[in-house]
$ cat target00.cif   # mmCIF, C-alpha atoms
data_protein
#
loop_
_atom_site.label_atom_id
_atom_site.label_comp_id
_atom_site.auth_asym_id
_atom_site.auth_seq_id
_atom_site.Cartn_x
_atom_site.Cartn_y
_atom_site.Cartn_z
CA MET A 1 52.70 14.11 37.26
CA LEU A 2 52.04 17.01 39.55
CA THR A 3 55.36 18.65 38.71
CA ASP A 4 58.03 18.31 36.08
CA ARG A 5 60.69 17.74 38.71
CA PRO A 6 62.03 14.19 38.98
CA VAL A 7 61.13 12.18 42.05
CA GLN A 8 64.00 12.10 44.52
CA SER A 9 64.61 9.22 46.84
CA PRO A 10 64.37 10.01 50.56
CA LYS A 11 67.57 11.05 52.29
CA ARG A 12 69.28 8.24 54.08
CA VAL A 13 69.37 8.59 57.84
CA ARG A 14 72.66 7.79 59.51
CA PRO A 15 71.83 6.79 63.08
CA GLY A 16 74.24 7.87 65.77
CA GLU A 17 76.52 5.54 67.70
CA GLU A 18 74.11 5.25 70.64
CA ALA A 19 71.21 4.38 68.31
CA ARG A 20 73.35 1.69 66.64
CA ARG A 21 74.31 0.27 70.04
CA LEU A 22 70.67 0.17 71.21
CA TYR A 23 69.59 -1.41 67.92
CA ARG A 24 72.22 -4.17 68.08
CA GLU A 25 71.37 -4.87 71.71
CA LEU A 26 67.65 -5.13 70.97
CA ALA A 27 68.25 -7.29 67.91
CA ARG A 28 70.35 -9.72 70.00
CA LYS A 29 67.71 -9.93 72.71
CA ALA A 30 64.46 -9.86 70.75
CA HIS A 31 65.23 -11.53 67.43
CA PRO A 32 62.35 -13.79 66.31
CA ASP A 33 64.71 -16.70 65.61
CA LEU A 34 65.30 -16.98 69.37
CA ALA A 35 61.65 -17.93 70.02
CA ARG A 36 60.57 -21.54 70.52
CA GLU A 37 56.80 -21.05 70.44
CA GLU A 38 54.81 -19.57 67.56
CA ASP A 39 53.07 -16.94 69.75
CA GLU A 40 56.40 -15.75 71.11
CA ARG A 41 57.82 -15.64 67.57
CA LYS A 42 54.92 -13.44 66.42
CA ARG A 43 55.40 -11.11 69.41
CA ARG A 44 59.11 -10.81 68.65
CA GLU A 45 58.47 -10.20 64.94
CA GLU A 46 56.06 -7.37 65.74
CA PHE A 47 58.51 -5.92 68.24
CA ILE A 48 61.52 -6.15 65.92
CA THR A 49 59.47 -4.46 63.17
CA ARG A 50 59.00 -1.48 65.51
CA VAL A 51 62.72 -1.55 66.39
CA ASN A 52 63.69 -1.57 62.70
CA ALA A 53 61.38 1.37 61.97
CA ALA A 54 62.83 3.40 64.85
CA TYR A 55 66.38 2.61 63.73
CA ALA A 56 65.59 3.54 60.12
CA ARG A 57 64.47 6.98 61.36
CA GLY A 58 67.49 7.24 63.66
CA ASP A 59 65.11 7.76 66.60
CA GLU A 60 67.37 7.14 69.59
CA ALA A 61 64.69 8.13 72.14
CA LEU A 62 62.23 5.59 70.74
CA LEU A 63 64.92 2.90 70.73
CA ARG A 64 65.49 3.62 74.42
CA GLU A 65 61.75 3.32 75.08
CA LEU A 66 61.65 0.05 73.18
CA SER A 67 64.60 -1.22 75.16
CA GLU A 68 62.78 -0.41 78.41
CA GLU A 69 59.63 -2.05 77.06
CA TRP A 70 61.56 -5.22 76.21
CA GLU A 71 63.20 -5.29 79.64
CA ALA A 72 59.76 -4.97 81.29
CA GLY A 73 58.71 -8.15 79.50
CA PRO A 74 55.43 -9.10 77.87
CA VAL A 75 52.19 -7.79 79.32
CA PRO A 76 50.45 -10.62 81.19
CA ALA A 77 47.33 -11.89 79.43
CA GLU A 78 45.05 -10.82 82.30
CA GLU A 79 46.28 -7.21 82.00
CA ARG A 80 45.80 -7.05 78.22
CA LEU A 81 42.56 -5.68 76.90
CA SER A 82 40.55 -7.73 74.46
CA GLU A 83 40.28 -6.31 70.96
CA SER A 84 36.76 -5.01 71.61
CA GLU A 85 37.80 -3.49 74.97
CA GLU A 86 40.75 -1.78 73.32
CA LEU A 87 38.53 -0.39 70.54
CA TYR A 88 36.01 0.82 73.12
CA ALA A 89 38.79 2.51 75.10
CA ARG A 90 40.02 4.20 71.93
CA LEU A 91 36.49 5.38 71.14
CA GLU A 92 36.17 6.85 74.63
CA TRP A 93 39.51 8.63 74.21
CA LEU A 94 38.39 9.99 70.82
CA ALA A 95 35.10 11.20 72.30
CA GLU A 96 36.96 13.01 75.11
CA ARG A 97 39.36 14.50 72.57
CA LYS A 98 36.44 15.66 70.39
CA ASP A 99 34.78 17.34 73.39
CA MET A 100 38.04 19.05 74.32
CA LEU A 101 38.58 20.27 70.74
CA SER A 102 34.98 21.52 70.57
CA ALA A 103 35.55 23.53 73.75
CA VAL A 104 38.74 25.02 72.33
CA ALA A 105 36.97 25.85 69.05
CA ARG A 106 34.14 27.57 70.98
CA GLU A 107 36.67 29.54 72.99
CA LEU A 108 38.45 30.66 69.81
CA GLU A 109 35.18 31.61 68.10
CA GLU A 110 34.22 33.78 71.10
CA SER A 111 37.62 35.51 71.20
CA ALA A 112 38.45 38.85 69.58
CA ILE A 113 40.08 37.12 66.63
CA GLY A 114 36.97 34.97 66.18
CA ALA A 115 34.84 38.10 66.08
CA MET A 116 37.16 39.58 63.44
CA LEU A 117 36.93 36.43 61.36
CA ARG A 118 33.13 36.58 61.52
CA MET A 119 33.32 40.15 60.14
CA ALA A 120 35.10 38.93 57.00
CA PRO A 121 34.64 35.15 56.68
CA ASP A 122 35.53 35.14 52.98
CA ASP A 123 38.79 37.09 53.18
CA PRO A 124 40.16 37.54 56.72
CA ASP A 125 43.58 38.52 55.36
CA GLN A 126 42.05 41.53 53.57
CA LEU A 127 40.35 42.59 56.82
CA LEU A 128 43.68 42.45 58.64
CA GLU A 129 45.30 44.52 55.91
CA GLU A 130 42.54 47.14 56.19
CA ILE A 131 42.98 47.31 59.96
CA ALA A 132 46.75 47.65 59.52
CA GLU A 133 46.25 50.50 57.02
CA GLN A 134 43.89 52.27 59.43
CA LEU A 135 46.39 51.91 62.27
CA LEU A 136 49.21 53.23 60.11
CA ALA A 137 47.06 56.20 59.10
CA GLN A 138 46.26 56.92 62.77
CA VAL A 139 49.95 56.70 63.71
CA ALA A 140 50.90 59.08 60.87
CA GLU A 141 48.16 61.51 61.96
CA ARG A 142 49.37 61.47 65.59
CA GLU A 143 52.97 61.89 64.49
CA GLY A 144 51.88 64.96 62.50
CA GLU A 145 50.09 66.37 65.54
CA LEU A 146 53.17 65.77 67.70
CA ALA A 147 55.44 67.37 65.12
CA GLY A 148 53.15 70.43 65.13
CA LEU A 149 53.27 70.70 68.90
CA VAL A 150 57.05 70.38 69.07
CA GLN A 151 57.65 73.28 66.67
#

$ encode --input "target00.cif" --output "structure tokens"
Amino acid sequence: MLTDRPVQSPKRVRPGEEARRLYRELARKAHPDLAREEDERKRREEFITRVNAAYARGDEALLRELSEEWEAGPVPAEERLSESEELYARLEWLAERKDMLSAVARELEESAIGAMLRMAPDDPDQLLEEIAEQLLAQVAEREGELAGLVQ
């Protein structure tokens, strides 16, 4: 074991009244037992699994979204992407995300903080402490000068 402390079970979430109402409504409308065809049953089972997970977390906002999704109805087959098209779309999104993160990383590296981190790559916290000590010494020196001028 990583620690000597006993493993505690997760705290039980008590969904609010609105979440319970949304859950009951979705369960009545989308329950898999209401399907006549096997494809529709599978769709309902997948949907109800998402509903159950949202309810278990007490996520009222997600239950509302799921309710709107159910009301909108199933996505027509011609609008659905094939599995390979969906994977390709995800890869494109990931590539765009990677480019965006690379740009942000470059921007951070070129910033003043990035320059400071390059000065002390092994221990940036120690560098910050040294700078803080220098600043405190300068403030104390200036305060001494001011005190001398006031007298």

$ closest_residue --input "target00.cif" --among "A:Ser102, A:Gln138, A:Ser67, A:Gln151" --to "Arg28 of chain A" --atoms "only C-alpha atoms"
A:Ser67

$ axis_aligned_box --input "target00.cif" --around "segment 115-123 of chain A" --padding-each-side "3 Å" --output "lines of an AutoDock Vina configuration file"
center_x = 36.0
center_y = 37.6
center_z = 59.5
size_x = 11.7
size_y = 11.0
size_z = 19.1

$ atom_distance --input "target00.cif" --atom1 "atom CA of Glu85 of chain A" --atom2 "atom CA of Arg64 of chain A"
28.6 Å

$ atom_distance --input "target00.cif" --atom1 "atom CA of Glu145 of chain A" --atom2 "atom CA of Glu130 of chain A"
22.7 Å

$ atom_distance --input "target00.cif" --atom1 "atom CA of Pro74 of chain A" --atom2 "atom CA of Glu86 of chain A"
17.0 Å

$ closest_residue --input "target00.cif" --among "A:Pro121, A:Gly58, A:Gly114, A:Gly144" --to "Gly16 of chain A" --atoms "only C-alpha atoms"
A:Gly58

$ resolve_selection --input "target00.cif" --expression "the PyMOL selection byres ((chain A and resi 35-51) around 9)" --output "list in words"
Tyr23, Leu26, Ala27, Ala30, His31, Pro32, Asp33, Leu34, Asn52, Ala53, Ala54, Tyr55, Ala56, Leu62, Leu63, Leu66, Ser67, Trp70 and Pro74 of chain A
